[in-house]
file work.cif (mmCIF, C-alpha atoms)
data_query
loop_
_atom_site.label_atom_id
_atom_site.label_comp_id
_atom_site.auth_asym_id
_atom_site.auth_seq_id
_atom_site.Cartn_x
_atom_site.Cartn_y
_atom_site.Cartn_z
CA MET K 1 186.98 25.27 79.67
CA LYS K 2 184.11 24.08 77.47
CA TYR K 3 180.83 26.00 77.22
CA LEU K 4 177.52 24.67 75.94
CA VAL K 5 175.67 27.38 73.99
CA GLY K 6 171.92 27.33 73.38
CA THR K 7 170.11 28.80 70.39
CA ARG K 8 167.26 28.20 67.97
CA GLY K 9 167.93 26.03 64.96
CA SER K 10 167.12 28.62 62.29
CA HIS K 11 169.83 29.61 59.84
CA LEU K 12 169.94 33.16 61.21
CA SER K 13 170.14 31.97 64.82
CA LEU K 14 173.03 29.65 64.01
CA VAL K 15 174.87 32.35 62.05
CA GLN K 16 174.44 34.78 64.97
CA THR K 17 175.60 32.19 67.49
CA ASN K 18 178.64 31.22 65.44
CA TRP K 19 179.55 34.92 65.14
CA VAL K 20 179.31 35.29 68.94
CA ILE K 21 181.49 32.21 69.43
CA SER K 22 184.05 33.55 66.95
CA GLU K 23 184.23 36.85 68.85
CA LEU K 24 184.50 35.06 72.20
CA GLN K 25 187.32 32.84 70.94
CA LYS K 26 189.33 35.94 69.99
CA LYS K 27 189.18 37.09 73.61
CA ASN K 28 189.25 33.62 75.21
CA PRO K 29 191.53 31.47 73.02
CA ASP K 30 191.62 28.59 75.51
CA ALA K 31 187.84 28.23 75.70
CA GLU K 32 185.83 25.67 73.74
CA PHE K 33 182.22 26.07 72.64
CA GLU K 34 179.55 23.62 71.55
CA ILE K 35 176.16 24.64 70.13
CA LYS K 36 172.93 23.00 71.28
CA THR K 37 169.82 23.85 69.21
CA ILE K 38 166.49 24.05 71.03
CA LYS K 39 162.99 24.38 69.56
CA THR K 40 160.78 27.17 70.91
CA LYS K 41 157.06 27.89 70.77
CA GLY K 42 157.72 30.47 68.07
CA ASP K 43 159.28 27.77 65.89
CA THR K 44 156.30 25.43 66.11
CA ASP K 45 153.34 27.85 66.10
CA ALA K 46 152.52 28.88 62.50
CA ARG K 47 150.18 31.76 63.40
CA PRO K 48 151.18 35.37 62.67
CA LEU K 49 153.45 36.47 65.51
CA PHE K 50 151.20 39.21 66.84
CA THR K 51 148.26 36.81 67.26
CA ILE K 52 150.17 34.65 69.76
CA ASN K 53 149.38 35.78 73.29
CA GLN K 54 152.72 35.02 74.86
CA LYS K 55 155.89 36.96 75.49
CA GLY K 56 159.26 35.41 74.84
CA ILE K 57 157.96 32.86 72.31
CA PHE K 58 161.42 32.61 70.72
CA GLU K 59 163.47 32.32 73.89
CA LYS K 60 161.50 30.86 76.79
CA GLU K 61 162.50 27.22 76.30
CA ILE K 62 166.13 28.15 75.67
CA ASP K 63 166.41 30.32 78.76
CA ARG K 64 164.79 27.56 80.80
CA ALA K 65 167.65 25.31 79.66
CA VAL K 66 170.11 27.94 80.95
CA ALA K 67 168.35 28.14 84.31
CA GLU K 68 168.30 24.33 84.59
CA HIS K 69 172.06 24.05 83.84
CA GLN K 70 171.46 22.20 80.56
CA ILE K 71 173.44 24.90 78.75
CA ASP K 72 175.80 27.60 79.98
CA PHE K 73 174.42 30.57 78.06
CA ALA K 74 172.03 31.42 75.24
CA VAL K 75 172.26 33.67 72.19
CA HIS K 76 169.10 35.52 71.10
CA SER K 77 167.97 38.38 68.92
CA LEU K 78 167.52 40.94 71.67
CA LYS K 79 164.10 42.11 70.47
CA ASP K 80 162.81 38.58 71.25
CA VAL K 81 163.93 38.76 74.89
CA PRO K 82 161.39 40.03 77.47
CA SER K 83 162.40 43.17 79.32
CA ILE K 84 162.18 41.27 82.63
CA LEU K 85 163.98 37.92 82.98
CA GLY K 86 163.61 35.36 85.72
CA GLU K 87 165.56 36.06 88.91
CA GLU K 88 168.00 33.25 88.14
CA LEU K 89 168.89 34.74 84.73
CA THR K 90 170.68 37.87 83.56
CA LEU K 91 171.33 39.68 80.29
CA ALA K 92 175.05 39.07 80.58
CA CYS K 93 176.25 40.65 77.34
CA VAL K 94 175.12 42.88 74.48
CA PRO K 95 177.67 42.80 71.62
CA LYS K 96 177.98 45.62 69.10
CA ARG K 97 174.64 46.35 67.51
CA GLU K 98 173.96 46.01 63.76
CA ASN K 99 171.89 48.48 61.72
CA VAL K 100 168.52 49.04 63.38
CA ASN K 101 166.44 50.04 60.36
CA ASP K 102 163.93 48.06 58.30
CA ILE K 103 164.19 47.46 54.56
CA LEU K 104 161.76 46.68 51.72
CA VAL K 105 162.88 43.64 49.73
CA SER K 106 161.39 43.23 46.24
CA VAL K 107 162.28 41.57 42.95
CA ASP K 108 163.56 44.79 41.39
CA GLY K 109 164.55 46.77 44.48
CA SER K 110 161.56 49.12 44.28
CA SER K 111 161.20 51.66 47.05
CA LEU K 112 158.03 51.94 49.11
CA GLU K 113 157.25 55.16 47.25
CA ASP K 114 157.67 53.58 43.80
CA ILE K 115 156.13 50.13 44.18
CA LYS K 116 152.93 49.66 42.18
CA SER K 117 149.54 50.45 43.68
CA GLY K 118 147.79 47.34 45.01
CA ALA K 119 151.07 45.48 45.52
CA THR K 120 151.01 42.78 48.23
CA ILE K 121 153.48 43.47 51.01
CA GLY K 122 154.34 40.75 53.53
CA THR K 123 155.33 41.32 57.14
CA SER K 124 155.30 39.35 60.39
CA SER K 125 155.05 42.55 62.43
CA LEU K 126 151.92 44.54 63.23
CA ARG K 127 154.15 47.58 63.77
CA ARG K 128 155.50 47.30 60.23
CA ALA K 129 152.02 46.66 58.82
CA VAL K 130 150.72 49.86 60.38
CA GLN K 131 153.77 51.83 59.25
CA VAL K 132 153.41 50.66 55.64
CA THR K 133 149.70 51.49 55.64
CA ARG K 134 150.41 54.97 56.97
CA LYS K 135 152.75 55.66 54.04
CA ARG K 136 150.84 53.79 51.33
CA ALA K 137 147.19 53.10 52.08
CA ASP K 138 146.79 51.70 48.54
CA LEU K 139 149.01 48.67 49.26
CA ASN K 140 147.76 45.27 50.36
CA VAL K 141 149.60 44.34 53.57
CA LYS K 142 149.36 40.68 54.55
CA PRO K 143 150.92 38.55 57.32
CA ILE K 144 153.81 36.27 56.46
CA ARG K 145 155.74 33.64 58.46
CA GLY K 146 158.86 31.62 57.88
CA ASN K 147 162.56 32.36 58.11
CA ILE K 148 164.13 35.20 56.15
CA GLU K 149 165.05 33.03 53.18
CA THR K 150 161.52 31.61 53.01
CA ARG K 151 159.96 35.06 53.01
CA ILE K 152 162.27 36.27 50.26
CA LYS K 153 161.51 33.15 48.21
CA LYS K 154 157.81 33.99 48.32
CA ILE K 155 158.60 37.17 46.37
CA SER K 156 160.22 35.27 43.50
CA GLU K 157 157.30 32.83 43.56
CA GLY K 158 154.88 35.74 43.11
CA THR K 159 153.02 35.20 46.40
CA TYR K 160 154.12 38.65 47.56
CA ASP K 161 155.45 41.64 45.65
CA ALA K 162 157.71 42.67 48.53
CA VAL K 163 158.43 41.95 52.18
CA VAL K 164 159.56 44.19 55.03
CA LEU K 165 162.50 42.84 57.02
CA ALA K 166 165.16 44.05 59.44
CA GLN K 167 168.38 44.99 57.64
CA ALA K 168 170.39 43.39 60.45
CA GLY K 169 169.15 39.91 59.52
CA ILE K 170 170.03 40.36 55.85
CA ALA K 171 173.48 41.66 56.78
CA ARG K 172 174.23 38.82 59.21
CA LEU K 173 173.20 36.20 56.64
CA GLY K 174 175.18 37.92 53.91
CA LEU K 175 172.26 37.68 51.47
CA ASP K 176 172.56 39.33 48.07
CA VAL K 177 169.08 40.76 47.58
CA LYS K 178 167.68 43.96 46.12
CA PHE K 179 166.20 46.23 48.74
CA SER K 180 165.46 49.82 49.59
CA LYS K 181 166.17 51.24 53.04
CA LEU K 182 163.19 52.48 55.06
CA SER K 183 163.57 55.72 56.97
CA ILE K 184 163.88 55.40 60.75
CA ASP K 185 161.72 58.53 61.01
CA ASP K 186 158.81 56.74 59.30
CA PHE K 187 159.72 53.22 60.41
CA PRO K 188 161.15 53.42 63.95
CA PRO K 189 162.20 49.84 64.76
CA SER K 190 161.11 47.42 67.42
CA PRO K 191 162.87 48.07 70.76
CA GLY K 192 166.18 46.20 70.69
CA GLN K 193 166.15 45.56 66.93
CA GLY K 194 169.58 44.91 65.44
CA ALA K 195 171.12 43.82 68.76
CA LEU K 196 172.02 40.40 70.13
CA ALA K 197 171.40 39.28 73.70
CA ILE K 198 173.49 36.72 75.55
CA VAL K 199 171.70 35.33 78.59
CA SER K 200 173.42 33.41 81.37
CA ARG K 201 172.71 32.38 84.95
CA SER K 202 172.90 35.40 87.23
CA ASN K 203 175.15 33.60 89.74
CA ASP K 204 177.61 32.26 87.14
CA ASP K 205 180.29 34.92 87.64
CA LYS K 206 182.94 33.10 85.62
CA THR K 207 180.77 32.83 82.50
CA ILE K 208 179.52 36.40 82.85
CA SER K 209 183.10 37.68 83.09
CA MET K 210 184.03 35.74 79.95
CA LEU K 211 181.00 37.07 78.03
CA LYS K 212 181.57 40.68 79.11
CA LYS K 213 184.78 40.74 77.06
CA ILE K 214 182.73 41.20 73.86
CA GLU K 215 180.15 43.63 75.23
CA ASP K 216 179.72 46.97 73.46
CA PRO K 217 178.99 49.58 76.17
CA GLN K 218 177.12 51.97 73.88
CA SER K 219 174.89 49.24 72.47
CA ARG K 220 174.11 48.07 76.02
CA LEU K 221 173.07 51.55 77.18
CA GLU K 222 170.91 52.19 74.12
CA VAL K 223 169.01 48.92 74.30
CA GLU K 224 168.53 49.27 78.06
CA ALA K 225 166.63 52.52 77.44
CA GLU K 226 164.47 50.83 74.80
CA ARG K 227 163.83 47.76 76.96
CA THR K 228 162.81 49.90 79.93
CA LEU K 229 160.36 51.70 77.69
CA SER K 230 158.91 48.34 76.61
CA GLU K 231 158.54 47.26 80.22
CA TYR K 232 156.54 50.34 81.16
CA VAL K 233 154.25 50.50 78.11
CA ASP K 234 154.04 46.71 77.68
CA SER K 235 154.84 46.87 73.95
CA GLY K 236 155.36 43.69 71.98
CA CYS K 237 154.61 41.88 68.74
CA ARG K 238 150.95 42.85 68.80
CA PHE K 239 151.17 46.47 69.89
CA PRO K 240 152.61 48.84 67.29
CA VAL K 241 155.33 50.82 69.04
CA GLY K 242 158.65 51.79 67.48
CA ALA K 243 161.59 53.02 69.54
CA PHE K 244 165.20 53.95 68.92
CA ALA K 245 167.84 55.23 71.34
CA LYS K 246 171.09 56.84 70.21
CA ILE K 247 174.08 58.24 72.11
CA VAL K 248 175.77 61.31 70.65
CA ASP K 249 178.45 63.32 72.51
CA GLY K 250 177.57 61.84 75.89
CA THR K 251 173.82 62.44 75.61
CA MET K 252 171.26 59.77 74.86
CA SER K 253 168.14 60.55 72.88
CA LEU K 254 165.15 58.20 72.78
CA THR K 255 162.56 58.57 70.03
CA VAL K 256 159.31 56.64 70.34
CA MET K 257 156.28 56.44 68.06
CA ALA K 258 153.04 54.66 68.96
CA TYR K 259 150.19 54.08 66.53
CA SER K 260 146.48 53.50 66.54
CA ILE K 261 145.57 50.13 65.07
CA ASP K 262 144.41 51.70 61.78
CA GLY K 263 147.51 53.86 61.56
CA LYS K 264 145.52 57.08 61.34
CA GLN K 265 146.68 58.40 64.71
CA SER K 266 150.10 58.44 66.28
CA ILE K 267 151.94 59.72 69.32
CA VAL K 268 155.56 60.79 69.03
CA VAL K 269 157.84 61.26 72.03
CA GLN K 270 161.42 62.47 71.93
CA LYS K 271 163.33 62.52 75.18
CA SER K 272 167.00 63.14 75.97
CA GLY K 273 169.03 62.45 79.09
CA LYS K 274 172.35 61.31 80.50
CA LYS K 275 173.77 58.33 78.64
CA ASP K 276 174.50 56.44 81.86
CA GLU K 277 170.85 56.62 83.02
CA PRO K 278 169.08 54.53 80.35
CA ALA K 279 166.40 53.15 82.67
CA LYS K 280 165.46 56.63 83.83
CA LEU K 281 165.20 57.83 80.23
CA GLY K 282 163.08 54.86 79.17
CA LYS K 283 160.72 55.31 82.10
CA GLU K 284 160.34 59.05 81.47
CA ALA K 285 159.56 58.44 77.78
CA ALA K 286 156.96 55.81 78.75
CA GLU K 287 155.33 58.24 81.19
CA MET K 288 155.15 60.84 78.41
CA LEU K 289 153.45 58.30 76.15
CA LYS K 290 150.91 57.50 78.83
CA SER K 291 150.20 61.17 79.46
CA LYS K 292 149.56 61.63 75.75
CA GLY K 293 146.96 58.85 75.67
CA ILE K 294 148.74 55.72 74.49
CA SER K 295 146.09 53.53 76.13
CA GLU K 296 143.45 55.01 73.84
CA LEU K 297 145.50 54.13 70.75
CA ALA K 298 145.79 50.51 71.88
CA LYS K 299 142.15 49.79 72.67
CA ASP K 300 141.11 48.38 69.27
CA TRP K 301 144.09 46.15 68.57
CA ARG K 302 142.17 42.92 69.30
CA LYS K 303 139.79 43.52 66.41
CA LYS K 304 142.69 44.03 63.99
CA VAL K 305 144.43 40.88 65.17
CA GLU K 306 141.24 38.88 64.61
CA GLU K 307 140.95 40.28 61.09
CA TRP K 308 144.53 39.35 60.25
CA ASN K 309 144.13 35.91 61.76
CA LYS K 310 141.43 35.15 59.19
CA GLN K 311 143.70 35.91 56.21
#
call {"tool": "encode", "arguments": {"input": "work.cif", "output": "structure tokens"}}
result
Amino acid sequence: MKYLVGTRGSHLSLVQTNWVISELQKKNPDAEFEIKTIKTKGDTDARPLFTINQKGIFEKEIDRAVAEHQIDFAVHSLKDVPSILGEELTLACVPKRENVNDILVSVDGSSLEDIKSGATIGTSSLRRAVQVTRKRADLNVKPIRGNIETRIKKISEGTYDAVVLAQAGIARLGLDVKFSKLSIDDFPPSPGQGALAIVSRSNDDKTISMLKKIEDPQSRLEVEAERTLSEYVDSGCRFPVGAFAKIVDGTMSLTVMAYSIDGKQSIVVQKSGKKDEPAKLGKEAAEMLKSKGISELAKDWRKKVEEWNKQ
């Protein structure tokens, strides 16, 4: 059987999709796959990501193609996929997750602690911007857009001294760059970071069964806890919340950190529960955040977005 696979046209998206196809072919040697690239709003809108008032900017058009039977399934970075999909769609498969942490990429591999005062740090994420400022208030954090290779090139061109990226993207692309790893304690990642999401039609049992052959059960449970948290606190590109779930010896722990827009205040929640109840754990962590005043931390984000939009 031949499957039509949808994805964005970026280098990273194509690498991720080809990896998924390679893994599927190992389990389904008689299947054939063809890639169809689709442009999304996130590909055509040049504004900093957190200034765009729309969820799913990197997947909406692709998932619409799935729903309309133009493609059989779609491959996404999971952090780009809204926690609630349309009724006709399902998160059919979560393959084994890559590293979840962020890294600082610079010309000489400087760490965040060692990089010179006043250095210009680029990031597309408000969460990362706040996290950098909390650690080094003397740095100049500015928004940056473009694919991973473009952002790295801006370092060699001298536009930025360093950029903050997800290690998973660097690893998947196989890029040979100098970087220093950022601590998950100080830089908890975006919910779902490092994981891939394969979306299919919810009534397409045959395709779902085929995709499930490459699912990683632990990765699925961990991201489900993080996605449930996102659903209940409505986190996203513009609201600085980091979250990371981990299963150890049958117990899942979920660590969440939310920040005020200036980075001066934060709320930390750590919650543990049964590994097979990720939604319950995510909801309980979200309720703890709300009880600790997360809404107060979020109230001034619009002003910060406006300031960044002028840069």
call {"tool": "atom_distance", "arguments": {"input": "work.cif", "atom1": "CA of Asn147 in chain K", "atom2": "CA of Leu12 in chain K"}}
result
8.0 Å
call {"tool": "residues_around", "arguments": {"input": "work.cif", "residues": "Ala285 in chain K", "least_positions_apart": "4", "cutoff": "12 Å", "atoms": "all atoms listed in the file", "output": "PyMOL selection string"}}
result
chain K and resi 225-233+243-245+253-258+267-273+278-281+289-292+294
call {"tool": "closest_residue", "arguments": {"input": "work.cif", "among": "K:Asp249, K:Asp216, K:Asp108, K:Asp204", "to": "Leu89 in chain K", "atoms": "all atoms listed in the file"}}
result
K:Asp204
call {"tool": "resolve_selection", "arguments": {"input": "work.cif", "expression": "the PyMOL selection byres ((chain K and resi 208) around 10)", "output": "count of residues only"}}
result
21
call {"tool": "atom_distance", "arguments": {"input": "work.cif", "atom1": "CA of Ala162 in chain K", "atom2": "CA of Gly109 in chain K"}}
result
8.9 Å
call {"tool": "residues_around", "arguments": {"input": "work.cif", "residues": "Ala74 in chain K", "least_positions_apart": "5", "cutoff": "9 Å", "atoms": "only C-alpha atoms", "output": "ChimeraX atom specification"}}
result
/K:4-7,17,59,62-63,65-66,197-200
call {"tool": "resolve_selection", "arguments": {"input": "work.cif", "expression": "the PyMOL selection byres ((chain K and resi 265) around 12)", "output": "VMD selection string"}}
result
chain K and resid 130 to 131 133 to 134 240 257 to 264 266 to 268 292 to 294 296 to 298
call {"tool": "resolve_selection", "arguments": {"input": "work.cif", "expression": "the PyMOL selection byres ((chain K and resi 276) around 9)", "output": "VMD selection string"}}
result
chain K and resid 221 250 to 252 273 to 275 277 to 279
call {"tool": "closest_residue", "arguments": {"input": "work.cif", "among": "K:Val223, K:Leu182, K:Leu126, K:Ala286", "to": "Leu112 in chain K", "atoms": "only C-alpha atoms"}}
result
K:Leu182
call {"tool": "atom_distance", "arguments": {"input": "work.cif", "atom1": "CA of Ile184 in chain K", "atom2": "CA of Glu284 in chain K"}}
result
21.3 Å
call {"tool": "closest_residue", "arguments": {"input": "work.cif", "among": "K:Leu104, K:Leu78, K:Ile121, K:Val132", "to": "Glu224 in chain K", "atoms": "all atoms listed in the file"}}
result
K:Leu78
